[in-house]
Every structure is written in structure tokens, then in C-alpha cells.
Amino acid sequence: MNERVANRVKPGDAAVISAASEVLSGGTRRVGLARVWPFFGPAFIACVAYVDPGNFATNIQGGAKFGYTLLWVVVCSNLMAMLIQSLSAKLGIATGRNLAEVCRQEFPRPLVWTMWVLMEGVAMATDLAEFLGAALGFNLLFGVPLWVAGLITAATTFLILGLQVRGFRPLEAVISAMVGVIVFCYVIETILDKPAWGDLLFHAVKPSFSGTESVLLSAGILGATVMPHVIFLHSSLTQDRIVVDSPEMRRRLFRFELVDVVVAMGVAGFVNAAMLIMAAATFNRSGLGHIATIEEAHITLEPLLGAAASWVFAISLLVSGLSSSAVGTMSGQVIMQGFLKRFIPLWLRRGITMLPSLIVIFIGLDPTRTLVMSQVVLSFGLPFAVIPLVLFTRRNDLMGELVNHRITTIAAWTVAALIVALNLYLLYMTLVGGD
């Protein structure tokens, strides 16, 4: 086992690291799923951020108000996510550092401090969405007051984060199981709502908007899908998970991590699409385009599709909120450690970042509208994560044998340009108005 790996192995990780090393060195007869299994995990933790409660809010509003019109935004956002997360994973493998650490090394100090402040704001906006979603899940399932649900959410996320002391694999296993629950819930929802498959396929590939509000929701969907904070996190998850020294081994490792990204982001894409499809097939088709909150969606699902649908919806929201809230806290820790070389206890960060959410709950702001606006904040933070990532992964001196192919760099710059353009268009439409 690599000495650098051996020095940090925790109880839950040894078998996974040993199996991965055997696969990479060719000293195993594992085939199929057993061969790639040791490498699954980082992208599944990252993909939780792509199915968080902010996605529920933006996709439900988008589907209820505009039917299948914005489905293409979900599809494009997910393809962007696959590209961006593969670059993030590759940066961690090639440099042994996460994105925030590379920014600290390569950028002037004033820019580093500015980016840290911006990314902390993004992490706070993220946690707001995730914490509120989990609290709403407890509220809808068990009927407890929202403030009580908030306290239960805080306690539960502390327990999930506590798994980190046992290593990366136990946390990966729990988070992946939660993703499985969300997927199962939306398979059921998709079966129950019986979508119009022809319209669905048409709008999945045809770009279109329908007024200012649709652009706002598109920016929210993009912000909720290509998450800036998890771009930083993913590079951290791969930087020390499986450490190899030779160029050929790094190439092999990245190929396996690429499978992890494609599978995990594909799962997240299915869930995102299913959220919007459920709202379009259920609410928009029934003339209920006014459905604008998660609570209304939960209440309305029962008479339209039966009690099972509303319960399944609430369970998926709860699991999504709990898992993504834990992941959001991990991201904040990576951002502070990377940019500033400062570390605070995870329980303290969890306590600080949940305060805005508890304030929103206690003063009675509309949770769903707050969720949507938090996702718009994320969309505006995206260029500050994507642009540095592309700048670094195209550099041969940093990436070595894993430097981007020219086509990859062009595609990544195109994604960055689309993100900036959508944000500028959103700002114009919001200030000037128009159809």
C-alpha cells in the first residue's frame, strides 16, 4: 500500500484501498461491477448536492408553471455537471490538492480572500436550501412544527457527519444509500403520474423560455444542478482517497473515477428530470400552474395521485435534505481549509451555518421562495468555481499527464460562457422586463 495512504487509513477504508490498489496494479481477477466498486463513492457524495431540496423547489415551480418547457434546462445542466465534476475529480488526482488549495497557491492574496468570502456565501445559501428542505420533510411527514423539525434536522446531520471519524467509506455508503432512497421514490412518482412521453422527449432537446419568470427558474435550476460548492468538495474527495505515484496509474485511476462521475451524475439527472416531469404531468396538466410551494405540492399530490404519492414525496424530500445538508457542511470545511489554511471543528461549522435557516424558520419566511432564491445565488457563484477549474486543468505544469485535451477545454469554456450569459440575461430580464 502507498505510504501516503497507509499513514491516514481509517477503520472503514483499508479493504477498499487495498482492493483499488489491486485493480490498478492488475493484480486482481475482479470483473464487471466488482472491478469498479472500490472507486465508487466520491461522485455519489457530490451528486447529493444535485438532488437537494433546492432542486425540489425550482423543478416543482418550473414544471407546474411551464409544463415540460424547461426540461431541456435540466438535461443541459446535468451534462454540464458531468463535465465539471470530472474536471474537479481529475484536479484532485493530478495535483493531490483540492481546487481551493490550488487557488490559494496560484492566485494573488486579495483575490483568494475575495473568492473565500464569495464561496462561503454560496455555502451558506446552499445550506439554507438543504436545511429548510429537511425540516420541511420532517414537518410534512410527522406534522411537527417547523421550528421543532429544524432542531431535529440539526441533530440528525450531526450524526451523519460523525461517520467521518470512521473514514471515507462508511460516509460514502450512507450517502449512497440515501441517494438510492431518493431514486426509488421518484421511480414510484414517475409511474404514478403517467407523463406525456412525446411532449417530454420534445422539450428535453428543444431550448425555449416563456417570459421572465421562466428565466429566473432556469437560473435556479442551473444553480441547483451545477453546484459551485461541490466543485470544490469533489476535488477534495479524490485528492487523498486512492493515492498513486506513476503517470500510468493516475490515468487508470481517473478512468475509474470517470465511471463514478457518469453513473452518479446520471442518477442525479434522472431525479432532477423526474421532479420536473412529476410537476408538469400532475399540476400543469390539471390546470394547477399556481402550485408554487413544496407544501402545496405535497397536499395536492394526495387527491391527484393518492396518499402514497404524497408520502413518497415527503420521504424523498427529507432524505434529500438530510444528506445534502451534511455534504454542504463538508464543502464549507474544504473551502475554509483550502483558501485560508484554517480549520474549525465540524460541529462548530454545522452550528454556524444552520443559524440563517433557523432564522428563516422562526420569522416565518416562505420556505419554497427562499429555496428558489438561494439557488439563484448559487448560479451567480458558479463562474467563480468553474473558471478557475478550467484555467487549472488546462495547464500542463499542474496536471501533467491528466491535462485537458483541447476539445475538453473548449467544451468547459463553452459551459462557463453559457453560465455567465444566462446570469447576465437573468439580470437584464429582471431589471428591464420583457417577454
# chains A, B, ... in the order shown; residues from 1 in each chain; ligands from 1
>>> residues_around(residues="Leu258 of chain A", least_positions_apart="4", cutoff="7 Å", atoms="only C-alpha atoms", output="ChimeraX atom specification")
/A:86,254,262
>>> residues_around(residues="Met249 of chain A", least_positions_apart="4", cutoff="10 Å", atoms="only C-alpha atoms", output="ChimeraX atom specification")
/A:21,24-25,243-245,253-255
>>> closest_atom_pairs(of="segment 17-116 of chain A", to="segment 273-278 of chain A", cutoff="7 Å", atoms="only C-alpha atoms", output="CSV")
residue,atom,partner,partner_atom,distance
A:Phe56,CA,A:Met275,CA,6.6
A:Asn59,CA,A:Leu276,CA,4.7
A:Ile60,CA,A:Leu276,CA,5.6
A:Gly62,CA,A:Leu276,CA,6.7
A:Gly63,CA,A:Leu276,CA,4.7
A:Tyr68,CA,A:Ile277,CA,6.7
A:Leu71,CA,A:Ala273,CA,6.7
A:Val74,CA,A:Ala273,CA,6.2
>>> write_last_selection(atoms="N, CA and C atoms", output="PDB file, in the first residue's frame")
ATOM      1  N   PHE A  56     -35.896  20.479  -5.611  1.00  0.00           N
ATOM      2  CA  PHE A  56     -37.333  20.275  -5.453  1.00  0.00           C
ATOM      3  C   PHE A  56     -38.080  21.575  -5.737  1.00  0.00           C
ATOM      4  N   ASN A  59     -37.579  22.814  -9.568  1.00  0.00           N
ATOM      5  CA  ASN A  59     -38.188  21.906 -10.540  1.00  0.00           C
ATOM      6  C   ASN A  59     -39.698  21.843 -10.399  1.00  0.00           C
ATOM      7  N   ILE A  60     -40.211  21.887  -9.160  1.00  0.00           N
ATOM      8  CA  ILE A  60     -41.661  21.869  -8.969  1.00  0.00           C
ATOM      9  C   ILE A  60     -42.282  23.138  -9.538  1.00  0.00           C
ATOM     10  N   GLY A  62     -40.971  25.106 -11.840  1.00  0.00           N
ATOM     11  CA  GLY A  62     -40.791  25.091 -13.287  1.00  0.00           C
ATOM     12  C   GLY A  62     -41.785  24.183 -13.986  1.00  0.00           C
ATOM     13  N   GLY A  63     -41.996  22.976 -13.449  1.00  0.00           N
ATOM     14  CA  GLY A  63     -42.929  22.042 -14.068  1.00  0.00           C
ATOM     15  C   GLY A  63     -44.377  22.470 -13.926  1.00  0.00           C
ATOM     16  N   TYR A  68     -43.514  20.983 -19.486  1.00  0.00           N
ATOM     17  CA  TYR A  68     -42.227  20.366 -19.819  1.00  0.00           C
ATOM     18  C   TYR A  68     -41.242  21.352 -20.458  1.00  0.00           C
ATOM     19  N   LEU A  71     -37.580  21.408 -19.351  1.00  0.00           N
ATOM     20  CA  LEU A  71     -36.891  20.122 -19.176  1.00  0.00           C
ATOM     21  C   LEU A  71     -35.517  20.140 -19.829  1.00  0.00           C
ATOM     22  N   VAL A  74     -32.817  21.160 -17.462  1.00  0.00           N
ATOM     23  CA  VAL A  74     -32.374  20.079 -16.582  1.00  0.00           C
ATOM     24  C   VAL A  74     -31.375  19.175 -17.313  1.00  0.00           C
TER      25      VAL A  74
END
>>> residues_around(residues="Val415 of chain A", least_positions_apart="5", cutoff="12 Å", atoms="only C-alpha atoms", output="compact mmCIF listing (two decimals) with N, CA and C atoms, in the first residue's frame")
# COMPACT_ATOMS: atom_id res chain seq x y z
N CYS A 76 -29.46 19.85 -20.02
CA CYS A 76 -28.20 20.55 -20.28
C CYS A 76 -27.40 20.75 -19.00
N SER A 77 -28.09 21.10 -17.92
CA SER A 77 -27.40 21.31 -16.65
C SER A 77 -26.71 20.05 -16.19
N ASN A 78 -27.37 18.91 -16.40
CA ASN A 78 -26.77 17.65 -15.96
C ASN A 78 -25.56 17.27 -16.79
N LEU A 79 -25.62 17.53 -18.09
CA LEU A 79 -24.46 17.27 -18.95
C LEU A 79 -23.29 18.17 -18.54
N MET A 80 -23.61 19.43 -18.21
CA MET A 80 -22.58 20.33 -17.71
C MET A 80 -21.98 19.80 -16.41
N ALA A 81 -22.85 19.29 -15.55
CA ALA A 81 -22.38 18.77 -14.26
C ALA A 81 -21.42 17.61 -14.46
N MET A 82 -21.71 16.72 -15.40
CA MET A 82 -20.80 15.60 -15.67
C MET A 82 -19.41 16.10 -16.07
N LEU A 83 -19.38 17.09 -16.96
CA LEU A 83 -18.10 17.61 -17.41
C LEU A 83 -17.34 18.29 -16.27
N ILE A 84 -18.03 19.18 -15.54
CA ILE A 84 -17.38 19.95 -14.50
C ILE A 84 -16.91 19.04 -13.36
N LEU A 222 -30.20 25.77 -12.95
CA LEU A 222 -28.77 25.66 -13.23
C LEU A 222 -27.97 25.73 -11.95
N VAL A 226 -25.62 22.50 -11.27
CA VAL A 226 -24.17 22.63 -11.30
C VAL A 226 -23.77 23.44 -10.08
N LEU A 382 -21.42 30.40 -9.58
CA LEU A 382 -20.80 29.35 -10.40
C LEU A 382 -19.55 29.79 -11.17
N PRO A 383 -19.54 30.97 -11.82
CA PRO A 383 -18.33 31.33 -12.58
C PRO A 383 -17.07 31.35 -11.73
N VAL A 386 -16.13 27.57 -11.66
CA VAL A 386 -15.90 26.91 -12.96
C VAL A 386 -14.70 27.49 -13.68
N ILE A 387 -14.58 28.83 -13.71
CA ILE A 387 -13.48 29.46 -14.46
C ILE A 387 -12.11 29.06 -13.90
N LEU A 389 -11.38 26.38 -12.30
CA LEU A 389 -11.21 24.95 -12.58
C LEU A 389 -10.72 24.71 -14.00
N VAL A 390 -11.32 25.42 -14.96
CA VAL A 390 -10.89 25.27 -16.36
C VAL A 390 -9.47 25.80 -16.55
N THR A 408 -11.77 19.09 -24.66
CA THR A 408 -12.32 19.19 -23.31
C THR A 408 -12.30 20.63 -22.82
N THR A 409 -11.19 21.30 -23.05
CA THR A 409 -11.07 22.70 -22.62
C THR A 409 -12.08 23.58 -23.35
N ILE A 410 -12.24 23.37 -24.64
CA ILE A 410 -13.23 24.15 -25.40
C ILE A 410 -14.63 23.93 -24.85
N VAL A 420 -22.31 32.27 -17.51
CA VAL A 420 -22.22 33.73 -17.39
C VAL A 420 -23.31 34.40 -18.20
N ALA A 421 -23.54 33.91 -19.43
CA ALA A 421 -24.56 34.50 -20.29
C ALA A 421 -25.96 34.39 -19.68
N LEU A 422 -26.28 33.23 -19.12
CA LEU A 422 -27.59 33.06 -18.51
C LEU A 422 -27.77 34.00 -17.32
>>> residues_around(residues="Asn404 of chain A", least_positions_apart="2", cutoff="9 Å", atoms="only C-alpha atoms", output="JSON, numbers by chain")
{"A": [87, 390, 393, 394, 395, 396, 399, 401, 402, 406, 407, 408, 409]}
>>> closest_residue(among="A:His298, A:His290, A:Arg251, A:Arg109", to="Asn139 of chain A", atoms="only C-alpha atoms")
A:His298
>>> closest_residue(among="A:Ile231, A:Val165, A:Ile294, A:Val183", to="Val334 of chain A", atoms="only C-alpha atoms")
A:Ile231
>>> atom_distance(atom1="atom CA of Gly137 of chain A", atom2="atom CA of Lys194 of chain A")
24.4 Å
>>> atom_distance(atom1="atom CA of Leu91 of chain A", atom2="atom CA of Thr225 of chain A")
20.3 Å
>>> residues_around(residues="Phe339 of chain A", least_positions_apart="6", cutoff="10 Å", atoms="only C-alpha atoms", output="PyMOL selection string")
chain A and resi 98-105+109+112-117+119
>>> closest_atom_pairs(of="segment 136-191 of chain A", to="segment 40-55 of chain A", cutoff="8 Å", atoms="only C-alpha atoms", output="JSON lines")
{"residue": "A:Arg169", "atom": "CA", "partner": "A:Gly41", "partner_atom": "CA", "distance": 7.6}
{"residue": "A:Glu172", "atom": "CA", "partner": "A:Gly41", "partner_atom": "CA", "distance": 5.4}
{"residue": "A:Ala173", "atom": "CA", "partner": "A:Gly41", "partner_atom": "CA", "distance": 7.5}
{"residue": "A:Ile175", "atom": "CA", "partner": "A:Ile45", "partner_atom": "CA", "distance": 6.2}
{"residue": "A:Ser176", "atom": "CA", "partner": "A:Phe44", "partner_atom": "CA", "distance": 5.9}
{"residue": "A:Val179", "atom": "CA", "partner": "A:Val48", "partner_atom": "CA", "distance": 6.7}
>>> write_last_selection(atoms="N, CA, C and O atoms", output="PDB file, in the first residue's frame")
ATOM      1  N   ARG A 169     -15.286   5.519   3.663  1.00  0.00           N
ATOM      2  CA  ARG A 169     -16.216   4.533   3.120  1.00  0.00           C
ATOM      3  C   ARG A 169     -17.553   4.480   3.869  1.00  0.00           C
ATOM      4  O   ARG A 169     -18.603   4.394   3.221  1.00  0.00           O
ATOM      5  N   GLU A 172     -19.562   7.396   2.636  1.00  0.00           N
ATOM      6  CA  GLU A 172     -19.964   7.168   1.243  1.00  0.00           C
ATOM      7  C   GLU A 172     -21.119   6.178   1.166  1.00  0.00           C
ATOM      8  O   GLU A 172     -22.065   6.360   0.385  1.00  0.00           O
ATOM      9  N   ALA A 173     -21.055   5.119   1.988  1.00  0.00           N
ATOM     10  CA  ALA A 173     -22.104   4.094   1.958  1.00  0.00           C
ATOM     11  C   ALA A 173     -23.446   4.667   2.409  1.00  0.00           C
ATOM     12  O   ALA A 173     -24.492   4.409   1.771  1.00  0.00           O
ATOM     13  N   ILE A 175     -24.434   7.907   2.463  1.00  0.00           N
ATOM     14  CA  ILE A 175     -24.907   8.906   1.498  1.00  0.00           C
ATOM     15  C   ILE A 175     -25.437   8.221   0.239  1.00  0.00           C
ATOM     16  O   ILE A 175     -26.490   8.599  -0.296  1.00  0.00           O
ATOM     17  N   SER A 176     -24.725   7.201  -0.255  1.00  0.00           N
ATOM     18  CA  SER A 176     -25.175   6.484  -1.455  1.00  0.00           C
ATOM     19  C   SER A 176     -26.510   5.787  -1.208  1.00  0.00           C
ATOM     20  O   SER A 176     -27.376   5.749  -2.092  1.00  0.00           O
ATOM     21  N   VAL A 179     -29.151   8.345  -1.518  1.00  0.00           N
ATOM     22  CA  VAL A 179     -29.426   8.615  -2.932  1.00  0.00           C
ATOM     23  C   VAL A 179     -30.323   7.532  -3.512  1.00  0.00           C
ATOM     24  O   VAL A 179     -31.254   7.814  -4.278  1.00  0.00           O
TER      25      VAL A 179
END
>>> residues_around(residues="segment 185-188 of chain A", least_positions_apart="2", cutoff="10 Å", atoms="only C-alpha atoms", output="short mmCIF file (atom, residue, chain, number, x, y, z; two decimals) with N, CA and C atoms, in the first residue's frame")
data_model
loop_
_atom_site.label_atom_id
_atom_site.label_comp_id
_atom_site.auth_asym_id
_atom_site.auth_seq_id
_atom_site.Cartn_x
_atom_site.Cartn_y
_atom_site.Cartn_z
N VAL A 179 -29.15 8.34 -1.52
CA VAL A 179 -29.43 8.62 -2.93
C VAL A 179 -30.32 7.53 -3.51
N GLY A 180 -30.06 6.28 -3.13
CA GLY A 180 -30.90 5.18 -3.59
C GLY A 180 -32.35 5.34 -3.17
N VAL A 181 -32.57 5.81 -1.94
CA VAL A 181 -33.95 6.04 -1.47
C VAL A 181 -34.63 7.11 -2.33
N ILE A 182 -33.91 8.19 -2.63
CA ILE A 182 -34.48 9.27 -3.44
C ILE A 182 -34.85 8.75 -4.83
N VAL A 183 -33.94 7.98 -5.43
CA VAL A 183 -34.20 7.42 -6.76
C VAL A 183 -35.44 6.52 -6.73
N THR A 190 -42.83 8.69 -10.91
CA THR A 190 -42.92 8.71 -12.36
C THR A 190 -43.95 7.70 -12.86
N ILE A 191 -44.00 6.54 -12.23
CA ILE A 191 -45.01 5.53 -12.60
C ILE A 191 -46.42 6.05 -12.31
N LEU A 192 -46.58 6.72 -11.17
CA LEU A 192 -47.90 7.19 -10.76
C LEU A 192 -48.42 8.34 -11.61
N ASP A 193 -47.53 9.25 -12.03
CA ASP A 193 -48.03 10.46 -12.70
C ASP A 193 -48.26 10.28 -14.21
N PHE A 270 -31.52 11.85 -13.62
CA PHE A 270 -32.83 11.19 -13.63
C PHE A 270 -33.75 11.79 -12.57
N VAL A 271 -33.23 11.98 -11.37
CA VAL A 271 -34.05 12.51 -10.27
C VAL A 271 -34.52 13.92 -10.59
N ASN A 272 -33.62 14.77 -11.09
CA ASN A 272 -34.00 16.13 -11.44
C ASN A 272 -35.07 16.17 -12.51
N ALA A 273 -34.88 15.37 -13.54
CA ALA A 273 -35.88 15.32 -14.60
C ALA A 273 -37.21 14.81 -14.06
N ALA A 274 -37.16 13.79 -13.20
CA ALA A 274 -38.39 13.22 -12.65
C ALA A 274 -39.14 14.22 -11.79
N MET A 275 -38.41 15.09 -11.07
CA MET A 275 -39.08 16.13 -10.28
C MET A 275 -39.91 17.05 -11.18
N MET A 278 -42.84 15.18 -12.85
CA MET A 278 -43.94 14.98 -11.90
C MET A 278 -44.81 16.23 -11.79
N ALA A 308 -50.23 7.54 -1.26
CA ALA A 308 -48.87 7.01 -1.40
C ALA A 308 -47.95 8.03 -2.05
N ALA A 309 -48.47 8.77 -3.04
CA ALA A 309 -47.64 9.73 -3.75
C ALA A 309 -47.15 10.84 -2.83
N TRP A 311 -46.81 10.72 0.46
CA TRP A 311 -45.86 10.16 1.42
C TRP A 311 -44.49 9.94 0.79
N VAL A 312 -44.48 9.40 -0.41
CA VAL A 312 -43.22 9.16 -1.12
C VAL A 312 -42.50 10.48 -1.37
N PHE A 313 -43.25 11.50 -1.75
CA PHE A 313 -42.68 12.82 -1.99
C PHE A 313 -42.02 13.36 -0.72
N ALA A 314 -42.71 13.28 0.40
CA ALA A 314 -42.18 13.79 1.66
C ALA A 314 -40.94 13.03 2.11
N ILE A 315 -40.95 11.71 1.92
CA ILE A 315 -39.78 10.90 2.30
C ILE A 315 -38.56 11.29 1.47
N SER A 316 -38.76 11.46 0.16
CA SER A 316 -37.64 11.83 -0.71
C SER A 316 -37.10 13.21 -0.33
N LEU A 317 -37.99 14.14 0.01
CA LEU A 317 -37.56 15.48 0.43
C LEU A 317 -36.74 15.42 1.71
#
